[in-house]
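This is structure03.txt. It holds compact mmCIF, C-alpha atoms.
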```txt
# COMPACT_ATOMS: atom_id res chain seq x y z
CA MET A 13 9.81 -24.86 11.03
CA SER A 14 9.41 -28.42 9.73
CA GLU A 15 7.84 -31.21 11.78
CA THR A 16 11.25 -32.86 12.16
CA GLN A 17 12.82 -29.62 13.38
CA SER A 18 9.90 -29.09 15.77
CA MET A 19 10.30 -32.58 17.25
CA SER A 20 14.05 -32.03 17.59
CA HIS A 21 13.42 -28.71 19.35
CA ASP A 22 10.95 -30.35 21.75
CA LYS A 23 13.42 -33.12 22.55
CA LYS A 24 16.16 -30.60 23.27
CA LYS A 25 13.78 -28.61 25.48
CA ARG A 26 12.76 -31.72 27.45
CA ALA A 27 16.40 -32.75 27.84
CA LEU A 28 17.27 -29.28 29.11
CA ILE A 29 14.41 -29.32 31.61
CA PHE A 30 15.42 -32.80 32.80
CA SER A 31 19.06 -31.80 33.25
CA GLY A 32 17.97 -28.68 35.13
CA GLN A 33 15.80 -30.74 37.45
CA ALA A 34 18.60 -33.23 38.04
CA LEU A 35 21.07 -30.45 38.80
CA GLN A 36 18.68 -28.71 41.21
CA LYS A 37 17.95 -31.99 42.99
CA ALA A 38 21.66 -32.76 43.23
CA LEU A 39 22.36 -29.30 44.66
CA ALA A 40 19.57 -29.77 47.19
CA PHE A 41 20.96 -33.16 48.25
CA VAL A 42 24.49 -31.77 48.61
CA THR A 43 23.06 -28.88 50.67
CA LEU A 44 21.32 -31.38 52.96
CA ILE A 45 24.58 -33.30 53.49
CA ILE A 46 26.49 -30.07 54.20
CA LEU A 47 23.87 -28.99 56.76
CA LEU A 48 24.04 -32.38 58.50
CA LEU A 49 27.83 -32.22 58.68
CA PHE A 50 27.86 -28.59 59.84
CA PHE A 51 25.35 -29.05 62.67
CA SER A 52 26.98 -32.34 63.70
CA LEU A 53 30.31 -30.53 64.16
CA ALA A 54 28.68 -27.45 65.72
CA SER A 55 26.80 -29.36 68.43
CA PRO A 56 27.36 -32.78 70.02
CA ASN A 57 23.61 -32.97 70.68
CA PHE A 58 22.64 -32.88 67.01
CA PHE A 59 23.61 -36.24 65.56
CA ILE A 60 22.19 -38.44 68.29
CA PRO A 61 19.34 -40.97 67.89
CA ASP A 62 16.73 -38.96 69.83
CA ASN A 63 17.37 -35.80 67.82
CA ILE A 64 17.42 -37.65 64.50
CA ASN A 65 14.04 -39.14 65.43
CA SER A 66 12.81 -35.62 66.21
CA ILE A 67 13.95 -34.40 62.79
CA LEU A 68 12.26 -37.32 61.04
CA LEU A 69 9.00 -36.80 62.91
CA ALA A 70 9.10 -33.03 62.37
CA THR A 71 9.53 -33.63 58.63
CA CYS A 72 6.35 -35.70 58.49
CA VAL A 73 3.89 -32.80 58.59
CA ASN A 74 5.87 -30.42 56.40
CA GLY A 75 6.72 -33.27 54.04
CA LEU A 76 3.10 -34.36 53.59
CA LEU A 77 1.96 -30.80 52.95
CA ALA A 78 4.85 -30.31 50.51
CA LEU A 79 3.92 -33.50 48.62
CA GLY A 80 0.40 -32.22 48.05
CA VAL A 81 1.34 -28.68 47.07
CA THR A 82 3.97 -30.02 44.64
CA PHE A 83 1.16 -31.10 42.30
CA VAL A 84 -0.47 -27.67 42.52
CA ILE A 85 2.77 -25.77 41.91
CA ILE A 86 3.57 -27.95 38.90
CA THR A 87 0.36 -26.61 37.31
CA GLY A 88 1.75 -23.09 37.74
CA GLY A 89 -0.58 -22.42 40.67
CA ILE A 90 -0.08 -21.97 44.39
CA ASP A 91 -1.93 -23.04 47.53
CA LEU A 92 -1.72 -20.84 50.61
CA SER A 93 -4.44 -22.74 52.47
CA ILE A 94 -2.73 -26.09 53.07
CA GLY A 95 -1.78 -25.31 56.68
CA THR A 96 -5.23 -24.18 57.79
CA VAL A 97 -6.95 -26.94 55.78
CA MET A 98 -4.79 -29.39 57.71
CA THR A 99 -5.92 -27.82 60.98
CA PHE A 100 -9.59 -27.67 60.05
CA SER A 101 -9.55 -31.33 58.98
CA ALA A 102 -8.01 -32.34 62.32
CA VAL A 103 -10.41 -30.17 64.33
CA THR A 104 -13.48 -31.53 62.52
CA SER A 105 -12.31 -35.09 63.06
CA GLY A 106 -11.51 -34.38 66.71
CA VAL A 107 -14.94 -32.89 67.44
CA LEU A 108 -16.71 -35.86 65.83
CA VAL A 109 -14.58 -38.40 67.71
CA THR A 110 -14.64 -36.62 71.08
CA ASN A 111 -18.15 -35.14 71.17
CA PHE A 112 -20.08 -37.67 69.10
CA GLY A 113 -18.22 -40.86 70.00
CA LEU A 114 -17.10 -41.87 66.52
CA PRO A 115 -14.46 -44.62 66.46
CA LEU A 116 -10.87 -43.48 65.89
CA TRP A 117 -10.51 -45.24 62.54
CA LEU A 118 -13.57 -43.40 61.22
CA GLY A 119 -12.18 -40.12 62.58
CA VAL A 120 -8.98 -40.72 60.59
CA ILE A 121 -10.94 -41.32 57.37
CA ILE A 122 -13.08 -38.21 57.96
CA CYS A 123 -9.99 -36.09 58.56
CA ILE A 124 -8.52 -37.15 55.22
CA LEU A 125 -11.83 -36.76 53.35
CA VAL A 126 -12.48 -33.28 54.76
CA GLY A 127 -9.11 -32.20 53.38
CA GLY A 128 -10.00 -33.70 50.01
CA LEU A 129 -13.42 -31.99 49.90
CA ILE A 130 -11.91 -28.59 50.64
CA GLY A 131 -9.29 -29.23 47.99
CA ALA A 132 -12.03 -30.07 45.48
CA PHE A 133 -13.88 -26.85 46.36
CA THR A 134 -10.68 -24.86 45.90
CA GLY A 135 -10.17 -26.55 42.55
CA CYS A 136 -13.67 -25.48 41.47
CA LEU A 137 -12.90 -21.87 42.38
CA VAL A 138 -9.73 -21.98 40.29
CA ALA A 139 -10.98 -24.07 37.37
CA TYR A 140 -14.58 -22.93 36.85
CA LEU A 141 -14.81 -19.49 38.43
CA ARG A 142 -11.35 -18.62 37.09
CA ILE A 143 -10.32 -17.05 40.40
CA PRO A 144 -6.51 -16.78 40.52
CA ALA A 145 -5.08 -19.55 42.70
CA PHE A 146 -3.34 -17.04 44.96
CA ILE A 147 -6.61 -15.25 45.77
CA ALA A 148 -8.75 -18.41 45.95
CA THR A 149 -6.42 -20.19 48.36
CA LEU A 150 -5.89 -17.04 50.41
CA GLY A 151 -9.65 -16.88 50.87
CA ILE A 152 -9.87 -20.57 51.75
CA MET A 153 -7.04 -20.07 54.23
CA MET A 154 -9.01 -17.38 56.05
CA VAL A 155 -12.28 -19.36 55.91
CA THR A 156 -10.80 -22.59 57.26
CA ARG A 157 -8.86 -20.71 59.92
CA GLY A 158 -12.10 -19.11 61.16
CA LEU A 159 -14.09 -22.34 60.90
CA SER A 160 -11.50 -24.18 62.98
CA LEU A 161 -12.10 -21.73 65.80
CA VAL A 162 -15.90 -21.89 65.36
CA VAL A 163 -16.15 -25.68 65.26
CA SER A 164 -13.83 -26.18 68.24
CA GLY A 165 -15.19 -23.29 70.29
CA ALA A 166 -11.69 -21.77 70.10
CA SER A 167 -10.40 -24.52 72.42
CA PRO A 168 -8.10 -27.49 71.80
CA VAL A 169 -9.87 -30.75 71.00
CA TYR A 170 -8.29 -33.71 72.80
CA PHE A 171 -8.27 -37.21 71.36
CA PRO A 172 -8.34 -40.51 73.29
CA ASP A 173 -4.92 -41.82 74.36
CA GLY A 174 -4.68 -44.49 71.68
CA TYR A 175 -4.78 -41.86 68.95
CA LYS A 176 -1.15 -40.87 69.57
CA GLU A 177 -0.01 -44.30 68.43
CA ILE A 178 -0.82 -43.36 64.83
CA ALA A 179 2.13 -40.95 64.63
CA VAL A 180 4.48 -41.69 67.52
CA GLY A 181 3.94 -45.42 67.89
CA SER A 182 6.24 -47.85 66.09
CA LEU A 183 4.77 -50.76 64.18
CA VAL A 184 8.22 -51.47 62.73
CA SER A 185 9.78 -51.99 66.19
CA LYS A 186 7.22 -54.73 66.87
CA LEU A 187 8.25 -56.51 63.70
CA ILE A 188 11.97 -55.71 64.00
CA PRO A 189 12.99 -55.32 67.67
CA GLY A 190 15.44 -52.49 68.24
CA PHE A 191 14.51 -50.64 65.03
CA ASN A 192 12.42 -47.76 66.35
CA LEU A 193 10.98 -46.12 63.23
CA GLN A 194 7.91 -44.14 64.23
CA ASN A 195 4.67 -44.66 62.35
CA GLY A 196 4.50 -41.04 61.20
CA VAL A 197 7.78 -41.42 59.34
CA LEU A 198 6.60 -44.67 57.80
CA ILE A 199 3.41 -42.96 56.63
CA LEU A 200 5.49 -40.14 55.07
CA PHE A 201 7.63 -42.66 53.17
CA LEU A 202 4.55 -44.54 51.93
CA CYS A 203 2.87 -41.30 50.84
CA THR A 204 6.08 -40.29 49.06
CA ILE A 205 6.04 -43.52 47.05
CA ILE A 206 2.34 -43.04 46.23
CA ALA A 207 2.91 -39.42 45.16
CA SER A 208 5.88 -40.42 43.01
CA VAL A 209 3.86 -43.14 41.26
CA ILE A 210 0.97 -40.71 40.65
CA LEU A 211 3.24 -38.03 39.18
CA ASN A 212 5.41 -40.34 37.05
CA LYS A 213 3.21 -43.30 36.14
CA THR A 214 -0.41 -42.11 35.89
CA ILE A 215 -2.48 -40.02 33.50
CA LEU A 216 -3.06 -37.48 36.28
CA GLY A 217 0.68 -36.94 36.55
CA ARG A 218 1.09 -36.57 32.79
CA TYR A 219 -1.73 -34.04 32.54
CA ASN A 220 -0.41 -32.30 35.65
CA LEU A 221 2.88 -31.62 33.88
CA ALA A 222 1.16 -30.79 30.59
CA ILE A 223 -1.13 -28.20 32.21
CA GLY A 224 1.84 -26.58 33.92
CA SER A 225 3.81 -26.46 30.68
CA ASN A 226 1.00 -24.98 28.59
CA ALA A 227 -2.58 -25.10 29.86
CA GLU A 228 -4.10 -23.62 26.71
CA ALA A 229 -2.33 -26.05 24.38
CA THR A 230 -3.41 -28.91 26.65
CA ARG A 231 -7.03 -27.73 26.50
CA LEU A 232 -6.92 -27.39 22.71
CA SER A 233 -5.64 -30.97 22.47
CA GLY A 234 -8.94 -32.15 23.96
CA VAL A 235 -7.98 -32.51 27.63
CA ASN A 236 -10.55 -31.44 30.23
CA VAL A 237 -8.17 -29.03 31.98
CA ALA A 238 -10.77 -27.81 34.48
CA GLY A 239 -11.60 -31.34 35.60
CA TRP A 240 -7.96 -32.28 36.03
CA LEU A 241 -7.26 -29.08 37.98
CA ILE A 242 -10.02 -30.05 40.41
CA ALA A 243 -8.53 -33.55 40.70
CA ILE A 244 -5.09 -32.08 41.40
CA HIS A 245 -6.38 -29.73 44.10
CA THR A 246 -8.39 -32.60 45.59
CA LEU A 247 -5.23 -34.70 45.77
CA ALA A 248 -3.42 -31.83 47.52
CA GLY A 249 -6.32 -31.62 49.98
CA LEU A 250 -6.09 -35.34 50.72
CA PHE A 251 -2.43 -34.92 51.63
CA CYS A 252 -3.47 -32.04 53.92
CA GLY A 253 -5.92 -34.40 55.60
CA VAL A 254 -3.19 -37.00 56.15
CA ALA A 255 -0.98 -34.25 57.60
CA GLY A 256 -3.89 -33.33 59.88
CA VAL A 257 -3.99 -36.90 61.19
CA ILE A 258 -0.25 -36.90 61.85
CA ILE A 259 -0.03 -33.52 63.60
CA SER A 260 -3.09 -34.12 65.80
CA SER A 261 -1.86 -37.61 66.66
CA ARG A 262 1.60 -36.29 67.49
CA LEU A 263 0.15 -33.61 69.80
CA GLY A 264 -2.69 -35.76 71.11
CA SER A 265 -5.06 -32.90 70.24
CA ALA A 266 -6.29 -30.67 67.43
CA GLN A 267 -5.15 -27.09 68.05
CA PRO A 268 -7.54 -24.70 66.22
CA ALA A 269 -5.07 -21.79 66.20
CA LEU A 270 -2.36 -23.94 64.60
CA GLY A 271 -1.67 -24.17 60.88
CA GLN A 272 -0.93 -20.72 59.52
CA GLY A 273 2.71 -20.51 58.47
CA TYR A 274 3.01 -24.18 57.57
CA GLU A 275 2.23 -23.35 53.96
CA LEU A 276 5.34 -21.19 53.64
CA GLU A 277 7.70 -23.92 54.81
CA ALA A 278 5.99 -26.48 52.58
CA ILE A 279 6.20 -24.23 49.51
CA ALA A 280 9.84 -23.47 50.37
CA ALA A 281 10.58 -27.20 50.52
CA VAL A 282 8.99 -27.70 47.10
CA VAL A 283 10.96 -24.86 45.48
CA ILE A 284 14.24 -25.91 47.14
CA GLY A 285 13.65 -29.39 45.73
CA GLY A 286 13.59 -28.06 42.17
CA THR A 287 9.89 -27.61 41.36
CA SER A 288 9.49 -24.45 39.30
CA LEU A 289 7.01 -21.79 40.47
CA SER A 290 6.21 -21.13 36.81
CA GLY A 291 4.94 -24.71 36.49
CA GLY A 292 5.65 -27.56 34.13
CA GLN A 293 8.39 -29.31 36.09
CA GLY A 294 9.02 -30.87 39.47
CA THR A 295 9.90 -34.11 41.23
CA ILE A 296 8.63 -35.78 44.37
CA SER A 297 12.11 -36.88 45.44
CA GLY A 298 13.31 -33.27 45.21
CA THR A 299 10.39 -32.13 47.36
CA ILE A 300 11.25 -34.62 50.11
CA ILE A 301 14.89 -33.53 50.06
CA GLY A 302 13.68 -29.93 50.38
CA ALA A 303 11.44 -30.89 53.32
CA PHE A 304 14.38 -32.50 55.11
CA ILE A 305 16.51 -29.41 54.46
CA MET A 306 13.87 -27.23 56.16
CA SER A 307 13.61 -29.62 59.14
CA VAL A 308 17.38 -30.00 59.57
CA LEU A 309 17.89 -26.25 59.33
CA THR A 310 15.20 -25.48 61.90
CA ASN A 311 16.34 -28.22 64.27
CA GLY A 312 20.03 -27.34 63.94
CA LEU A 313 19.47 -23.66 64.63
CA ARG A 314 17.41 -24.54 67.69
CA ILE A 315 20.06 -26.97 68.96
CA MET A 316 22.67 -24.20 68.58
CA GLY A 317 20.54 -21.88 70.70
CA VAL A 318 19.62 -19.45 67.92
CA LYS A 319 16.60 -17.38 68.93
CA GLN A 320 13.25 -18.09 67.26
CA GLU A 321 13.11 -14.71 65.54
CA TRP A 322 16.53 -15.28 63.94
CA GLN A 323 15.48 -18.77 62.88
CA THR A 324 12.61 -17.16 60.98
CA VAL A 325 15.03 -14.70 59.35
CA VAL A 326 17.33 -17.50 58.18
CA ILE A 327 14.45 -19.57 56.79
CA GLY A 328 13.15 -16.48 54.97
CA LEU A 329 16.54 -15.94 53.37
CA VAL A 330 16.62 -19.60 52.31
CA VAL A 331 13.24 -19.17 50.62
CA ILE A 332 14.46 -16.05 48.77
CA LEU A 333 17.58 -17.90 47.63
CA ALA A 334 15.55 -20.88 46.40
CA VAL A 335 13.22 -18.65 44.39
CA PHE A 336 16.19 -16.76 42.93
CA ILE A 337 17.77 -20.05 41.82
CA ASP A 338 14.48 -21.05 40.19
CA ILE A 339 14.26 -17.73 38.31
CA TYR A 340 17.91 -17.93 37.25
CA ARG A 341 17.45 -21.48 36.00
CA ARG A 342 14.40 -20.46 33.93
CA ARG A 343 16.26 -17.55 32.38
CA ARG A 344 19.12 -19.81 31.35
CA ARG A 345 16.69 -22.29 29.84
CA LYS A 346 15.03 -19.56 27.75
CA ASN A 347 18.40 -18.37 26.50
```
If you convert what's in this file into structure tokens, what do you get?
Amino acid sequence: MSETQSMSHDKKKRALIFSGQALQKALAFVTLIILLLFFSLASPNFFIPDNINSILLATCVNGLLALGVTFVIITGGIDLSIGTVMTFSAVTSGVLVTNFGLPLWLGVIICILVGGLIGAFTGCLVAYLRIPAFIATLGIMMVTRGLSLVVSGASPVYFPDGYKEIAVGSLVSKLIPGFNLQNGVLILFLCTIIASVILNKTILGRYNLAIGSNAEATRLSGVNVAGWLIAIHTLAGLFCGVAGVIISSRLGSAQPALGQGYELEAIAAVVIGGTSLSGGQGTISGTIIGAFIMSVLTNGLRIMGVKQEWQTVVIGLVVILAVFIDIYRRRRRKN
């Protein structure tokens, strides 16, 4: 194949991937609109301000976790530890603030940094020890789950009253009276913008996509793949730390037994939004749409009085459907 033919083939491949991403994102957005309309007609209690605020706030934690794991999944990896890393970060911060008298602002920074440090350690396991991401993050999930119980003494860690303002307070309402947008939602939107800029406008984002497309070719081109993998996992850990701040602020406490199961909803949101589990493609906007789909679905089923066990069944079926669509889309692209 000549160089011209090769370039033409690469352009066609990129165009096909882009069109596939756009289609998946459009389908996800249409699905979100359909869900909103369906639950609005099914229950008069769904589309009311208080419930919409609940959906937005509920999306914050899942959305932040999904933003972080998007970068990992784009590399072709997976992270099963994001939920328990979130919890451990919050518990560690809570113990330092409550038992050692650290100021709240320092507790927030520590919570985020703890998530980043664990992410960096996970990245080392994957990049240097060559432990498969599934196994490495499964191990980290179990370790951080146990450490959360050890550090907290298996009891909830309660924060001072002012801590709740971080998530459920409203800075916007002070600037614009009558517009009650909670701080947690504002933080999610800001983090979404930051994540989008990182993925689309920085060298980390470019190498992230390149590693997911073909890690070996990227390495042979002179890129330090191991170093960038650690950076990507560190970034995912930082998002876990931010999610830890939001969930502990929302509850007013760090619950050491909380966290497991969050990773499944976050990964589901990422896949629903069009990020491929095989790596090499994904968008931040699609991930956020997927996160809102998960929140709307959960909230709507609860409003309709569907039992918790059946909610879990429905969400599981949604995950299976999203993965099937991803596989089908990849098969079509290969053909």
Quick one, how far is CA of Ile215 (chain A) from CA of Leu92 (chain A)?
-> 25.7 Å
Name all residues at most 12 Å from Ile205 (chain A) (count only C-alpha atoms; drop same-chain ones fewer than 4 positions away) and give them as a PyMOL selection string.
-> chain A and resi 76+79+198-201+209-213+295-297+300
Axis-aligned box for region 210-220 of chain A, 5 Å per side, centre and edges in Å as AutoDock Vina command-line options:
```
--center_x 1.2 --center_y -37.8 --center_z 36.6 --size_x 18.5 --size_y 21.0 --size_z 18.1
```
Residues at most 7 Å from region 123-130 of chain A, counting only C-alpha atoms, excluding those fewer than 6 positions away in the same chain, as a ChimeraX atom specification?
-> /A:97-98,101-102,104-105,246-247,249-250,252-254,256-257
Can you tell me, as a list in words, what residues are no more than 9 Å from Pro268 (chain A) when counting all atoms listed in the file, ignoring any on the same chain fewer than 4 positions away?
-> Thr96, Thr99, Phe100, Ala102, Val103, Arg157, Gly158, Leu159, Ser160, Leu161, Val162, Val163, Ser164, Gly165, Ala166, Ser167, Pro168 and Val169 of chain A
Looking at A:Gly113, A:Pro172, A:Gly89, A:Gly298, which one is nearest to Val283 (chain A), with distances taken over all atoms listed in the file?
-> A:Gly298
Against region 304-315 of chain A, which residues of region 52-81 of chain A fall within 8 Å? For each one I want the closest pair of atoms and the distance in Å (one decimal), counting all atoms listed in the file, rows by chain and increasing residue number, as a Markdown table.
```
| residue | atom | partner | partner_atom | distance |
| --- | --- | --- | --- | --- |
| A:Ser55 | CA | A:Ile315 | CA | 7.2 |
| A:Asn57 | CA | A:Ile315 | CA | 7.2 |
| A:Phe58 | CA | A:Ile315 | CA | 6.7 |
| A:Ile67 | CA | A:Ser307 | CA | 6.0 |
| A:Leu68 | CA | A:Phe304 | CA | 7.9 |
| A:Ala70 | CA | A:Ser307 | CA | 6.5 |
| A:Thr71 | CA | A:Ser307 | CA | 5.7 |
| A:Gly75 | CA | A:Phe304 | CA | 7.8 |
```
Polymer residues at most 6 Å from (11.0, -21.3, 50.0) by only C-alpha atoms, as a list of chain:residue names = A:Ile279, A:Ala280, A:Ala281, A:Val283, A:Val331, A:Ala334
Nearest residue to Val84 (chain A) from the set A:Gly135, A:Gly106, A:Pro189, A:Pro61 (distances using all atoms listed in the file) =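 Smallest distance to Val84 (chain A) is found for A:Gly135.
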Hey, can you check how far CA of Gln36 (chain A) sits from CA of Met316 (chain A)?
->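 These atoms are spaced 28.0 Å apart.
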Hey, which of A:Tyr140, A:Phe83, A:Asp173, A:Ser93 ends up closest to Ser265 (chain A)? Count all atoms listed in the file.
->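 Ranked by minimum distance to Ser265 (chain A), first place goes to A:Asp173.
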Give me, please, the distance in Å between CA of Leu263 (chain A) and CA of Lys176 (chain A), quoted to one decimal.
-> 7.4 Å
Residues at most 10 Å from Leu333 (chain A), counting all atoms listed in the file, excluding those fewer than 4 positions away in the same chain, as a ChimeraX atom specification?
-> /A:280,283-284,327-329,337-339
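Using only C-alpha atoms, the nearest neighbour of Ser225 (chain A) within the list A:Ala132, A:Ile147, A:Ile45, A:Leu289 is A:Leu289.
Distances here use all atoms listed in the file; by that measure, the residue among A:Asn74, A:Asn63, A:Asn236, A:Thr82 closest to Ala207 (chain A) is A:Thr82.
If you measure from each of A:Gly292, A:Gly286, A:Gly151, A:Gly317 to Phe336 (chain A) using all atoms listed in the file, the closest one turns out to be A:Gly286.
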